[in-house]
>>> print(open('query_20.csv').read())   # CSV, C-alpha atoms
chain,number,residue,atom,x,y,z
H,300,MET,CA,-11.3,-24.4,-41.4
H,301,THR,CA,-8.7,-26.7,-39.9
H,302,LEU,CA,-8.1,-26.4,-36.2
H,303,THR,CA,-4.3,-26.2,-36.3
H,304,LYS,CA,-2.0,-26.4,-33.3
H,305,ASP,CA,-1.3,-22.7,-33.7
H,306,ARG,CA,-5.0,-21.9,-33.6
H,307,LEU,CA,-5.6,-24.0,-30.5
H,308,ARG,CA,-2.5,-22.8,-28.6
H,309,LYS,CA,-4.5,-19.8,-27.2
H,310,TYR,CA,-6.4,-22.2,-24.9
H,311,LEU,CA,-3.3,-23.6,-23.3
H,312,ASN,CA,-1.9,-22.2,-20.0
H,313,VAL,CA,-4.5,-19.5,-19.7
H,314,LYS,CA,-3.5,-17.4,-16.7
H,315,ARG,CA,-5.7,-15.3,-14.4
H,316,GLU,CA,-4.2,-11.8,-14.2
H,317,PHE,CA,-6.1,-10.7,-11.1
H,318,SER,CA,-5.3,-13.5,-8.7
H,319,GLU,CA,-5.9,-13.1,-5.0
H,320,SER,CA,-2.2,-13.4,-4.4
H,321,LYS,CA,-1.4,-10.3,-6.6
H,322,TYR,CA,-4.5,-8.0,-6.3
H,323,ILE,CA,-7.1,-6.9,-3.9
H,324,ASN,CA,-10.3,-7.7,-5.8
H,325,VAL,CA,-13.3,-5.8,-4.5
H,326,ASN,CA,-15.7,-6.9,-7.3
H,327,PRO,CA,-19.2,-7.1,-5.5
H,328,ILE,CA,-19.8,-10.6,-6.8
H,329,GLN,CA,-16.4,-12.1,-6.0
H,330,ARG,CA,-15.6,-11.4,-2.3
H,331,GLY,CA,-17.8,-14.2,-0.9
H,332,GLY,CA,-16.7,-16.6,-3.6
H,333,VAL,CA,-13.0,-16.7,-2.9
H,334,LEU,CA,-12.1,-20.3,-2.4
H,335,SER,CA,-10.8,-21.6,1.0
H,336,LYS,CA,-7.5,-23.4,1.1
H,337,GLU,CA,-9.3,-26.7,1.4
H,338,ALA,CA,-11.5,-26.0,-1.7
H,339,ARG,CA,-8.4,-25.2,-3.8
H,340,MET,CA,-7.0,-28.6,-2.9
H,341,ALA,CA,-10.3,-30.3,-3.6
H,342,LEU,CA,-10.5,-28.6,-7.0
H,343,LEU,CA,-7.5,-30.5,-8.2
H,344,GLU,CA,-8.6,-33.8,-6.7
H,345,TRP,CA,-12.1,-33.8,-8.0
H,346,GLY,CA,-11.8,-31.8,-11.3
H,347,ASP,CA,-12.8,-34.6,-13.6
H,348,GLY,CA,-16.3,-34.2,-14.9
H,349,TYR,CA,-18.1,-37.1,-13.3
H,350,SER,CA,-15.6,-37.7,-10.5
H,351,VAL,CA,-18.2,-37.9,-7.7
H,352,CYS,CA,-20.3,-40.5,-9.6
H,353,ASP,CA,-17.9,-43.4,-9.0
H,354,PHE,CA,-19.9,-44.5,-6.0
H,355,CYS,CA,-23.4,-43.7,-7.2
H,356,PRO,CA,-25.7,-46.3,-5.5
H,357,PRO,CA,-27.2,-48.6,-8.2
H,358,ARG,CA,-30.5,-49.1,-6.3
H,359,THR,CA,-30.9,-45.3,-5.7
H,360,PRO,CA,-29.0,-43.7,-8.6
H,361,ARG,CA,-29.3,-40.1,-7.5
H,362,LEU,CA,-26.6,-37.4,-6.6
H,363,ASP,CA,-28.0,-36.7,-3.1
H,364,LYS,CA,-27.9,-40.4,-2.3
H,365,ILE,CA,-24.1,-40.7,-2.7
H,366,THR,CA,-22.4,-41.4,0.6
H,367,ASN,CA,-18.7,-41.4,-0.6
H,368,PRO,CA,-17.9,-38.6,-1.0
H,369,PRO,CA,-20.5,-37.6,1.8
H,370,ILE,CA,-22.9,-35.7,-0.4
H,371,ASN,CA,-25.9,-37.2,1.4
H,372,ASP,CA,-24.6,-36.0,4.7
H,373,PHE,CA,-23.8,-32.6,3.2
H,374,TYR,CA,-27.3,-32.0,1.9
H,375,GLN,CA,-28.7,-32.6,5.3
H,376,ASP,CA,-26.0,-30.5,7.1
H,377,LEU,CA,-26.7,-27.7,4.5
H,378,ALA,CA,-30.4,-27.8,5.3
H,379,ASP,CA,-29.7,-27.7,9.0
H,380,PHE,CA,-27.3,-24.8,8.7
H,381,LEU,CA,-29.9,-22.8,6.8
H,382,GLY,CA,-32.7,-23.8,9.3
H,383,MET,CA,-34.6,-25.7,6.6
H,384,ASP,CA,-35.7,-29.3,6.2
H,385,GLU,CA,-34.4,-30.2,2.7
H,386,ALA,CA,-31.6,-28.8,0.5
H,387,ARG,CA,-30.3,-29.4,-3.0
H,388,VAL,CA,-27.3,-28.0,-4.9
H,389,VAL,CA,-28.2,-26.8,-8.3
H,390,THR,CA,-26.1,-24.9,-10.9
H,391,ARG,CA,-26.9,-21.3,-9.9
H,392,CYS,CA,-29.1,-19.2,-7.7
H,393,ARG,CA,-31.1,-18.2,-10.8
H,394,GLU,CA,-31.9,-21.9,-11.5
H,395,ALA,CA,-33.0,-22.3,-7.9
H,396,LYS,CA,-35.5,-19.5,-8.5
H,397,PHE,CA,-36.7,-20.8,-11.8
H,398,ILE,CA,-37.2,-24.3,-10.3
H,399,THR,CA,-39.2,-22.8,-7.4
H,400,PHE,CA,-41.3,-20.5,-9.6
H,401,MET,CA,-42.0,-23.3,-12.1
H,402,MET,CA,-43.1,-25.8,-9.4
H,403,LEU,CA,-45.1,-23.5,-7.2
H,404,GLY,CA,-46.9,-21.4,-9.8
H,405,LYS,CA,-48.9,-22.1,-12.9
H,406,PRO,CA,-48.8,-20.0,-16.2
H,407,GLY,CA,-50.8,-16.8,-15.6
H,408,ASP,CA,-50.3,-16.8,-11.8
H,409,TYR,CA,-48.7,-13.8,-10.1
H,410,VAL,CA,-45.4,-13.6,-8.3
H,411,ILE,CA,-44.5,-10.6,-6.2
H,412,LEU,CA,-41.0,-9.2,-6.6
H,413,ASP,CA,-39.3,-6.3,-4.9
H,414,SER,CA,-38.2,-3.5,-7.2
H,415,LEU,CA,-34.5,-4.2,-6.3
H,416,ALA,CA,-34.8,-7.9,-7.3
H,417,HIS,CA,-32.0,-9.2,-9.5
H,418,TYR,CA,-32.8,-9.3,-13.2
H,419,THR,CA,-32.8,-13.1,-13.1
H,420,SER,CA,-35.7,-13.0,-10.7
H,421,TYR,CA,-37.8,-11.4,-13.5
H,422,LEU,CA,-36.5,-13.8,-16.1
H,423,ALA,CA,-37.3,-16.8,-13.9
H,424,ALA,CA,-40.8,-15.5,-13.5
H,425,GLU,CA,-41.2,-14.9,-17.2
H,426,ALA,CA,-39.7,-18.3,-18.2
H,427,SER,CA,-42.2,-19.9,-15.8
H,428,GLY,CA,-45.1,-18.1,-17.4
H,429,LEU,CA,-45.8,-16.0,-14.3
H,430,ARG,CA,-46.9,-12.4,-14.1
H,431,VAL,CA,-45.1,-9.9,-11.9
H,432,LYS,CA,-46.3,-7.4,-9.4
H,433,GLU,CA,-43.5,-5.1,-8.2
H,434,VAL,CA,-43.1,-3.7,-4.7
H,435,PRO,CA,-41.7,-0.1,-4.9
H,436,ASN,CA,-38.7,1.4,-3.2
H,437,SER,CA,-38.2,4.9,-1.8
H,438,GLY,CA,-35.9,6.1,-4.6
H,439,TYR,CA,-32.8,8.2,-4.3
H,440,PRO,CA,-30.7,8.2,-2.0
H,441,GLU,CA,-31.8,5.2,0.2
H,442,PHE,CA,-33.8,3.0,-2.3
H,443,LYS,CA,-35.5,1.4,0.7
H,444,ILE,CA,-38.1,-1.3,-0.1
H,445,ASP,CA,-41.6,-0.5,1.1
H,446,VAL,CA,-42.2,-3.5,3.3
H,447,ASP,CA,-45.9,-2.8,3.9
H,448,ALA,CA,-46.5,-2.6,0.1
H,449,TYR,CA,-46.3,-6.4,0.0
H,450,ALA,CA,-49.8,-6.4,1.5
H,451,THR,CA,-50.9,-3.8,-1.0
H,452,LYS,CA,-49.7,-5.8,-3.9
H,453,ILE,CA,-51.4,-9.0,-2.6
H,454,GLU,CA,-54.7,-7.1,-2.3
H,455,GLU,CA,-54.3,-5.8,-5.8
H,456,ILE,CA,-53.8,-9.4,-7.1
H,457,LEU,CA,-56.8,-10.6,-5.1
H,458,LYS,CA,-59.0,-7.9,-6.5
H,459,GLU,CA,-57.8,-8.6,-10.1
H,460,THR,CA,-57.8,-12.4,-10.1
H,461,GLY,CA,-59.8,-13.5,-7.0
H,462,LYS,CA,-56.9,-15.5,-5.7
H,463,PRO,CA,-53.6,-14.7,-4.0
H,464,PRO,CA,-50.2,-14.7,-5.8
H,465,ALA,CA,-48.5,-18.1,-6.2
H,466,LEU,CA,-45.6,-16.8,-4.2
H,467,ALA,CA,-43.6,-13.8,-3.1
H,468,LEU,CA,-39.9,-13.2,-3.4
H,469,ILE,CA,-37.8,-11.2,-0.9
H,470,THR,CA,-34.3,-10.0,-2.0
H,471,HIS,CA,-32.6,-10.3,1.3
H,472,VAL,CA,-29.7,-8.0,0.3
H,473,ASP,CA,-30.0,-6.4,-3.2
H,474,TYR,CA,-27.1,-6.3,-5.7
H,475,GLN,CA,-27.3,-2.6,-6.4
H,476,TYR,CA,-27.1,-0.9,-3.0
H,477,GLY,CA,-26.5,-3.7,-0.5
H,478,ASN,CA,-29.7,-2.9,1.5
H,479,LEU,CA,-30.8,-5.5,4.0
H,480,VAL,CA,-34.6,-5.9,4.3
H,481,ASN,CA,-36.8,-7.0,7.2
H,482,ALA,CA,-37.5,-10.5,5.9
H,483,THR,CA,-39.4,-11.5,9.0
H,484,LYS,CA,-41.9,-8.7,8.7
H,485,ILE,CA,-42.5,-9.3,5.0
H,486,THR,CA,-43.0,-13.1,5.6
H,487,LYS,CA,-45.6,-12.4,8.3
H,488,ILE,CA,-47.5,-10.2,5.9
H,489,CYS,CA,-47.4,-12.8,3.1
H,490,HIS,CA,-48.3,-15.7,5.4
H,491,GLU,CA,-51.5,-13.8,6.5
H,492,TYR,CA,-52.6,-14.3,3.0
H,493,ASN,CA,-51.2,-17.9,2.8
H,494,VAL,CA,-48.6,-16.8,0.2
H,495,PRO,CA,-45.4,-18.8,0.3
H,496,VAL,CA,-42.2,-16.8,0.6
H,497,VAL,CA,-38.9,-17.3,-1.3
H,498,LEU,CA,-35.8,-15.6,0.2
H,499,ASN,CA,-33.2,-14.7,-2.3
H,500,ALA,CA,-30.1,-15.0,-0.1
H,501,ALA,CA,-27.5,-14.8,-2.9
H,502,TYR,CA,-25.6,-12.0,-1.0
H,503,THR,CA,-26.3,-13.1,2.6
H,504,ALA,CA,-26.4,-16.9,3.1
H,505,GLY,CA,-22.7,-18.1,3.2
H,506,VAL,CA,-21.4,-14.8,4.4
H,507,SER,CA,-23.8,-14.0,7.2
H,508,PRO,CA,-26.1,-16.1,9.5
H,509,VAL,CA,-29.3,-17.0,7.7
H,510,ASN,CA,-31.9,-19.2,9.4
H,511,GLY,CA,-35.1,-19.9,7.4
H,512,LYS,CA,-37.2,-21.1,10.3
H,513,LYS,CA,-36.3,-18.0,12.4
H,514,LEU,CA,-37.1,-15.7,9.4
H,515,GLY,CA,-40.2,-17.7,8.7
H,516,VAL,CA,-39.6,-18.2,5.0
H,517,ASP,CA,-40.6,-21.3,3.0
H,518,VAL,CA,-37.7,-21.5,0.5
H,519,ILE,CA,-34.1,-20.1,0.5
H,520,VAL,CA,-32.1,-19.7,-2.7
H,521,SER,CA,-28.5,-18.8,-2.7
H,522,SER,CA,-25.3,-18.7,-4.8
H,523,GLY,CA,-22.4,-21.0,-4.0
H,524,HIS,CA,-19.9,-19.2,-6.2
H,525,LYS,CA,-21.0,-15.8,-4.9
H,526,SER,CA,-21.2,-16.3,-1.2
H,527,TRP,CA,-20.1,-19.8,-0.2
H,528,ALA,CA,-16.4,-19.9,-1.3
H,529,ALA,CA,-17.1,-22.4,-4.1
H,530,CYS,CA,-16.2,-22.4,-7.7
H,531,ALA,CA,-18.9,-21.9,-10.3
H,532,PRO,CA,-21.5,-23.0,-11.1
H,533,THR,CA,-23.2,-23.7,-7.8
H,534,GLY,CA,-26.6,-22.7,-6.5
H,535,ILE,CA,-28.4,-23.6,-3.3
H,536,LEU,CA,-32.1,-24.5,-3.0
H,537,ALA,CA,-33.3,-25.2,0.6
H,538,MET,CA,-36.9,-25.5,1.7
H,539,THR,CA,-39.4,-26.7,4.3
H,540,ASP,CA,-40.9,-30.2,4.1
H,541,GLU,CA,-44.1,-28.8,2.8
H,542,MET,CA,-42.4,-27.0,0.0
H,543,ALA,CA,-40.2,-30.0,-0.8
H,544,LYS,CA,-43.3,-32.1,-1.5
H,545,LYS,CA,-44.1,-29.6,-4.3
H,546,ILE,CA,-40.7,-28.6,-5.6
H,547,LEU,CA,-39.0,-32.0,-5.4
H,548,LYS,CA,-41.7,-34.1,-7.0
H,549,THR,CA,-40.3,-37.2,-8.7
H,550,SER,CA,-40.9,-38.4,-12.3
H,551,SER,CA,-43.8,-40.7,-13.2
H,552,ILE,CA,-42.6,-41.4,-16.7
H,553,GLU,CA,-41.7,-44.9,-17.9
H,554,GLY,CA,-39.4,-45.3,-20.9
H,555,ASP,CA,-41.1,-47.0,-23.9
H,556,ILE,CA,-38.0,-48.9,-25.0
H,557,THR,CA,-36.1,-49.7,-21.8
H,558,LYS,CA,-39.2,-50.0,-19.7
H,559,ARG,CA,-37.1,-48.4,-17.0
H,560,ARG,CA,-38.9,-46.4,-14.4
H,561,PHE,CA,-37.5,-43.0,-13.3
H,562,ALA,CA,-39.6,-42.6,-10.2
H,563,ILE,CA,-36.6,-41.7,-8.1
H,564,LYS,CA,-35.5,-38.8,-10.3
H,565,GLU,CA,-36.6,-35.4,-9.1
H,566,LEU,CA,-38.4,-33.9,-12.0
H,567,ALA,CA,-37.5,-30.1,-11.8
H,568,LEU,CA,-33.9,-31.0,-11.2
H,569,LEU,CA,-33.8,-33.2,-14.3
H,570,GLY,CA,-32.4,-35.9,-12.1
H,571,CYS,CA,-28.9,-35.0,-11.0
H,572,THR,CA,-27.6,-31.4,-10.9
H,573,VAL,CA,-24.0,-30.3,-10.0
H,574,MET,CA,-21.3,-33.0,-9.8
H,575,GLY,CA,-17.6,-32.8,-9.7
H,576,ALA,CA,-15.5,-29.8,-8.8
H,577,PRO,CA,-18.2,-27.2,-8.1
H,578,LEU,CA,-20.0,-29.4,-5.7
H,579,ILE,CA,-16.9,-30.7,-3.9
H,580,THR,CA,-15.5,-27.2,-3.5
H,581,LEU,CA,-18.8,-26.1,-1.9
H,582,MET,CA,-18.5,-29.0,0.5
H,583,ALA,CA,-14.8,-28.4,1.2
H,584,SER,CA,-15.4,-24.8,2.1
H,585,PHE,CA,-18.5,-25.6,4.2
H,586,PRO,CA,-16.6,-25.8,7.6
H,587,HIS,CA,-14.9,-22.5,6.7
H,588,VAL,CA,-18.3,-20.9,5.8
H,589,VAL,CA,-20.0,-22.2,9.0
H,590,GLU,CA,-17.2,-20.5,11.0
H,591,ARG,CA,-17.0,-17.2,9.1
H,592,VAL,CA,-20.6,-16.2,9.2
H,593,ASN,CA,-20.1,-15.6,13.0
H,594,ARG,CA,-17.7,-12.7,12.1
H,595,LEU,CA,-20.4,-10.7,10.3
H,596,ASP,CA,-20.2,-7.8,12.9
H,597,GLU,CA,-16.6,-7.2,12.1
H,598,GLU,CA,-17.1,-7.3,8.4
H,599,VAL,CA,-19.9,-4.8,8.7
H,600,GLU,CA,-17.7,-2.6,10.9
H,601,LYS,CA,-15.1,-2.6,8.1
H,602,ALA,CA,-17.8,-1.6,5.6
H,603,ARG,CA,-19.0,1.3,7.7
H,604,TYR,CA,-15.4,2.5,8.3
H,605,VAL,CA,-14.7,2.5,4.5
H,606,VAL,CA,-17.9,4.5,3.9
H,607,LYS,CA,-16.9,7.0,6.6
H,608,GLU,CA,-13.4,7.5,5.2
H,609,LEU,CA,-14.4,7.7,1.6
H,610,GLU,CA,-17.1,10.2,2.4
H,611,ARG,CA,-14.3,12.5,3.6
H,612,ILE,CA,-13.5,12.9,-0.2
H,613,ASP,CA,-15.4,15.9,-1.6
H,614,GLY,CA,-18.4,14.8,-3.7
H,615,PHE,CA,-18.5,11.2,-2.3
H,616,LYS,CA,-21.8,9.8,-1.0
H,617,GLN,CA,-22.9,6.3,-0.1
H,618,LEU,CA,-26.2,5.4,-1.6
H,619,GLY,CA,-28.6,3.0,0.0
H,620,VAL,CA,-29.7,2.7,3.6
H,621,LYS,CA,-27.4,4.0,6.4
H,622,PRO,CA,-25.7,2.7,8.5
H,623,LYS,CA,-24.5,-0.2,6.3
H,624,MET,CA,-25.7,-3.7,7.4
H,625,HIS,CA,-23.9,-5.4,4.6
H,626,THR,CA,-20.5,-5.2,2.9
H,627,LEU,CA,-21.6,-4.4,-0.6
H,628,ILE,CA,-21.3,-0.6,-1.1
H,629,HIS,CA,-22.6,1.7,-3.8
H,630,MET,CA,-20.8,5.0,-3.9
H,631,GLU,CA,-21.7,8.2,-5.8
H,632,SER,CA,-18.8,10.5,-6.7
H,633,THR,CA,-19.6,13.7,-8.4
H,634,SER,CA,-16.0,14.9,-7.9
H,635,PHE,CA,-14.4,11.9,-9.7
H,636,TYR,CA,-17.0,12.2,-12.4
H,637,ASP,CA,-15.8,15.8,-13.0
H,638,VAL,CA,-12.2,14.5,-13.2
H,639,SER,CA,-13.3,12.0,-15.8
H,640,LYS,CA,-14.7,14.8,-18.0
H,641,ARG,CA,-11.2,16.3,-18.4
H,642,HIS,CA,-9.0,13.2,-18.2
H,643,LYS,CA,-7.7,11.7,-21.4
H,644,ARG,CA,-8.8,8.3,-20.2
H,645,LYS,CA,-12.2,9.6,-19.3
H,646,GLY,CA,-14.0,7.3,-16.8
H,647,PHE,CA,-11.2,4.7,-17.0
H,648,PHE,CA,-8.8,6.9,-15.1
H,649,LEU,CA,-10.1,5.5,-11.7
H,650,TYR,CA,-9.7,1.9,-12.9
H,651,ASP,CA,-6.1,2.7,-14.0
H,652,GLU,CA,-5.2,4.4,-10.8
H,653,LEU,CA,-6.6,1.6,-8.6
H,654,LYS,CA,-5.0,-1.1,-10.6
H,655,ALA,CA,-1.6,0.6,-10.3
H,656,ARG,CA,-2.1,0.3,-6.6
H,657,GLY,CA,-3.0,-3.4,-6.7
H,658,ILE,CA,-6.8,-3.0,-6.5
H,659,VAL,CA,-9.2,-4.3,-9.1
H,660,GLY,CA,-12.9,-5.2,-9.3
H,661,ILE,CA,-14.5,-1.8,-9.7
H,662,GLN,CA,-16.1,-1.7,-13.1
H,663,PRO,CA,-13.8,-0.1,-15.7
H,664,GLY,CA,-15.1,3.3,-17.0
H,665,MET,CA,-17.3,4.0,-13.9
H,666,THR,CA,-16.7,7.1,-11.8
H,667,LYS,CA,-20.0,8.8,-11.0
H,668,HIS,CA,-21.5,5.6,-9.6
H,669,PHE,CA,-19.6,2.4,-8.7
H,670,LYS,CA,-20.0,-0.6,-6.5
H,671,PHE,CA,-17.5,-2.7,-4.5
H,672,ASN,CA,-17.5,-5.2,-1.7
H,673,VAL,CA,-15.0,-5.3,1.2
H,674,TYR,CA,-16.1,-8.7,2.7
H,675,GLY,CA,-13.1,-10.8,3.9
H,676,LEU,CA,-10.5,-8.1,3.5
H,677,SER,CA,-8.0,-7.7,6.3
H,678,TRP,CA,-7.8,-4.5,8.2
H,679,SER,CA,-4.4,-3.7,6.5
H,680,GLN,CA,-6.1,-4.2,3.1
H,681,ILE,CA,-9.0,-2.0,4.2
H,682,GLU,CA,-6.5,0.8,5.1
H,683,HIS,CA,-4.7,0.4,1.8
H,684,PHE,CA,-8.0,0.6,-0.1
H,685,ILE,CA,-8.9,3.8,1.7
H,686,ARG,CA,-5.5,5.3,1.4
H,687,SER,CA,-5.5,4.6,-2.3
H,688,PHE,CA,-8.7,6.6,-2.8
H,689,HIS,CA,-7.4,9.5,-0.8
H,690,GLU,CA,-4.2,9.5,-2.8
H,691,ILE,CA,-6.1,9.5,-6.1
H,692,ALA,CA,-8.3,12.3,-4.9
H,693,ARG,CA,-5.4,14.5,-3.9
H,694,LYS,CA,-3.6,13.8,-7.1
H,695,TYR,CA,-6.5,15.3,-9.1
H,696,GLY,CA,-7.1,18.2,-6.8
H,697,VAL,CA,-10.1,16.8,-5.0
H,698,GLU,CA,-10.3,17.8,-1.4
H,699,VAL,CA,-10.1,15.2,1.4
H,700,ARG,CA,-11.5,16.6,4.6
>>> encode(input="query_20.csv", output="structure tokens")
Amino acid sequence: MTLTKDRLRKYLNVKREFSESKYINVNPIQRGGVLSKEARMALLEWGDGYSVCDFCPPRTPRLDKITNPPINDFYQDLADFLGMDEARVVTRCREAKFITFMMLGKPGDYVILDSLAHYTSYLAAEASGLRVKEVPNSGYPEFKIDVDAYATKIEEILKETGKPPALALITHVDYQYGNLVNATKITKICHEYNVPVVLNAAYTAGVSPVNGKKLGVDVIVSSGHKSWAACAPTGILAMTDEMAKKILKTSSIEGDITKRRFAIKELALLGCTVMGAPLITLMASFPHVVERVNRLDEEVEKARYVVKELERIDGFKQLGVKPKMHTLIHMESTSFYDVSKRHKRKGFFLYDELKARGIVGIQPGMTKHFKFNVYGLSWSQIEHFIRSFHEIARKYGVEVR
């Protein structure tokens, strides 16, 4: 079939309906990824595919060795900011997990995951040939991770295999309920068995202070486009010197034809990773990120205020641990679910009502359970968000106390 101009026209001038200038977007995975002003400018300047490679040093041809733009400096500053020794930028947090699992474990080894771990943690383990032991949570309504169960699971693995697991993963804040776990306590438990610890900080690093040395963890993985005000795809991999020796091993292969050695190329990273706009927007937003993590207390205050005000609506209940320690909120609403049963738009009525009030990001069709994130919203936006829910409740005869 011929690719005519008419057929190709749909790709031209694609517009984003839900821009930040027009809507309040409370999508849980988007609040921390809103670009800074500097990152938006950098996006235009460095949008070409290999734009950062113009000054790749010929003697050390590797992304992290580039000094103009200052990628080499950024990698070290990034490591320092996270309280680690080495850092690399990869395509996504899930890739950072996969790289870590692959390099620290061997097929058949165990990895310990908490039961609120993101699905990509399980996929990374499976793709690396690792088996999973799962730490349970308390279930409804708190879904609190059983911290002491990390020791129980390690003992189970020792009894079954005669050796400890290859590593343990901590989901710092989970994607379902926004629960913050005691990473320091878990790390101490794991280190008593000489089990290295990976902190999945996809929802914390970049929006809140995270220091790997203070927490005691061995590896930190995070998401640039989720929590570091960068465009996708960007993931962060930071580690201690000890872990870097294992995770950042370089190639020993020599090409048969060219006879060129690739000893400088980091094997698990397949040489260079993220170049161009994603990396540069991450760098351009870095000063903004370093400053904003110090405002976490105010952001959490907003989240708690939203919870208090929404729970004034009959049938509304925040799930997860209380009080909130993070801005991702999971709300249960039996009253709005009842409205959806009799509404002609069913569960989509809430999405429609919010959109009419300039609010998007809550998953269409969801009323009984829905998630949102208020990170970075102004107090006036917070008030509008709350007022909108109260208006919708009253419109459909739901009591607001």
>>> closest_residue(input="query_20.csv", among="H:Cys571, H:Leu676, H:Ala424, H:Leu403", to="Asp363 (chain H)", atoms="all atoms listed in the file")
H:Cys571
>>> residues_around(input="query_20.csv", residues="Ala504 (chain H)", least_positions_apart="2", cutoff="12 Å", atoms="only C-alpha atoms", output="PyMOL selection string")
chain H and resi 331-332+377-378+380-382+392+470-472+498-502+506-511+519-528+534-537+585+588-589+591-593+595+625
>>> write_last_selection(input="query_20.csv", atoms="C-alpha atoms", output="JSON list (two decimals), keeping the file's coordinate frame")
[["chain", "number", "residue", "atom", "x", "y", "z"],
["H", 331, "GLY", "CA", -17.80, -14.20, -0.90],
["H", 332, "GLY", "CA", -16.70, -16.60, -3.60],
["H", 377, "LEU", "CA", -26.70, -27.70, 4.50],
["H", 378, "ALA", "CA", -30.40, -27.80, 5.30],
["H", 380, "PHE", "CA", -27.30, -24.80, 8.70],
["H", 381, "LEU", "CA", -29.90, -22.80, 6.80],
["H", 382, "GLY", "CA", -32.70, -23.80, 9.30],
["H", 392, "CYS", "CA", -29.10, -19.20, -7.70],
["H", 470, "THR", "CA", -34.30, -10.00, -2.00],
["H", 471, "HIS", "CA", -32.60, -10.30, 1.30],
["H", 472, "VAL", "CA", -29.70, -8.00, 0.30],
["H", 498, "LEU", "CA", -35.80, -15.60, 0.20],
["H", 499, "ASN", "CA", -33.20, -14.70, -2.30],
["H", 500, "ALA", "CA", -30.10, -15.00, -0.10],
["H", 501, "ALA", "CA", -27.50, -14.80, -2.90],
["H", 502, "TYR", "CA", -25.60, -12.00, -1.00],
["H", 506, "VAL", "CA", -21.40, -14.80, 4.40],
["H", 507, "SER", "CA", -23.80, -14.00, 7.20],
["H", 508, "PRO", "CA", -26.10, -16.10, 9.50],
["H", 509, "VAL", "CA", -29.30, -17.00, 7.70],
["H", 510, "ASN", "CA", -31.90, -19.20, 9.40],
["H", 511, "GLY", "CA", -35.10, -19.90, 7.40],
["H", 519, "ILE", "CA", -34.10, -20.10, 0.50],
["H", 520, "VAL", "CA", -32.10, -19.70, -2.70],
["H", 521, "SER", "CA", -28.50, -18.80, -2.70],
["H", 522, "SER", "CA", -25.30, -18.70, -4.80],
["H", 523, "GLY", "CA", -22.40, -21.00, -4.00],
["H", 524, "HIS", "CA", -19.90, -19.20, -6.20],
["H", 525, "LYS", "CA", -21.00, -15.80, -4.90],
["H", 526, "SER", "CA", -21.20, -16.30, -1.20],
["H", 527, "TRP", "CA", -20.10, -19.80, -0.20],
["H", 528, "ALA", "CA", -16.40, -19.90, -1.30],
["H", 534, "GLY", "CA", -26.60, -22.70, -6.50],
["H", 535, "ILE", "CA", -28.40, -23.60, -3.30],
["H", 536, "LEU", "CA", -32.10, -24.50, -3.00],
["H", 537, "ALA", "CA", -33.30, -25.20, 0.60],
["H", 585, "PHE", "CA", -18.50, -25.60, 4.20],
["H", 588, "VAL", "CA", -18.30, -20.90, 5.80],
["H", 589, "VAL", "CA", -20.00, -22.20, 9.00],
["H", 591, "ARG", "CA", -17.00, -17.20, 9.10],
["H", 592, "VAL", "CA", -20.60, -16.20, 9.20],
["H", 593, "ASN", "CA", -20.10, -15.60, 13.00],
["H", 595, "LEU", "CA", -20.40, -10.70, 10.30],
["H", 625, "HIS", "CA", -23.90, -5.40, 4.60]]
>>> residues_around(input="query_20.csv", residues="region 640-651 of chain H", least_positions_apart="4", cutoff="9 Å", atoms="only C-alpha atoms", output="mmCIF file with C-alpha atoms, keeping the file's coordinate frame")
data_model
loop_
_atom_site.group_PDB
_atom_site.id
_atom_site.type_symbol
_atom_site.label_atom_id
_atom_site.label_comp_id
_atom_site.auth_asym_id
_atom_site.auth_seq_id
_atom_site.Cartn_x
_atom_site.Cartn_y
_atom_site.Cartn_z
ATOM 1 C CA PHE H 635 -14.400 11.900 -9.700
ATOM 2 C CA TYR H 636 -17.000 12.200 -12.400
ATOM 3 C CA ALA H 655 -1.600 0.600 -10.300
ATOM 4 C CA ARG H 656 -2.100 0.300 -6.600
ATOM 5 C CA ILE H 658 -6.800 -3.000 -6.500
ATOM 6 C CA VAL H 659 -9.200 -4.300 -9.100
ATOM 7 C CA GLY H 660 -12.900 -5.200 -9.300
ATOM 8 C CA ILE H 661 -14.500 -1.800 -9.700
ATOM 9 C CA GLN H 662 -16.100 -1.700 -13.100
ATOM 10 C CA PRO H 663 -13.800 -0.100 -15.700
ATOM 11 C CA GLY H 664 -15.100 3.300 -17.000
ATOM 12 C CA MET H 665 -17.300 4.000 -13.900
ATOM 13 C CA THR H 666 -16.700 7.100 -11.800
ATOM 14 C CA LYS H 667 -20.000 8.800 -11.000
ATOM 15 C CA ILE H 691 -6.100 9.500 -6.100
#
>>> closest_residue(input="query_20.csv", among="H:Ile469, H:Val518, H:Leu429, H:Val325", to="Lys654 (chain H)", atoms="only C-alpha atoms")
H:Val325
>>> residues_around(input="query_20.csv", residues="region 346-362 of chain H", least_positions_apart="2", cutoff="10 Å", atoms="only C-alpha atoms", output="list in words")
Ala341, Leu342, Leu343, Glu344, Lys364, Ile365, Thr366, Asn367, Pro368, Pro369, Ile370, Asn371, Arg387, Val388, Phe561, Ile563, Lys564, Glu565, Gly570, Cys571, Thr572, Val573, Met574, Gly575, Ala576, Pro577, Leu578, Ile579 and Thr580 of chain H
>>> atom_distance(input="query_20.csv", atom1="CA of Phe671 (chain H)", atom2="CA of Leu581 (chain H)")
23.6 Å
>>> residues_around(input="query_20.csv", residues="region 692-694 of chain H", least_positions_apart="6", cutoff="10 Å", atoms="all atoms listed in the file", output="VMD selection string")
chain H and resid 612 to 613 634 to 635 638 649 686
>>> residues_near_point(input="query_20.csv", point="(-40.0, -3.5, -8.5)", cutoff="6 Å", atoms="all atoms listed in the file", output="ChimeraX atom specification")
/H:413-415,433-435
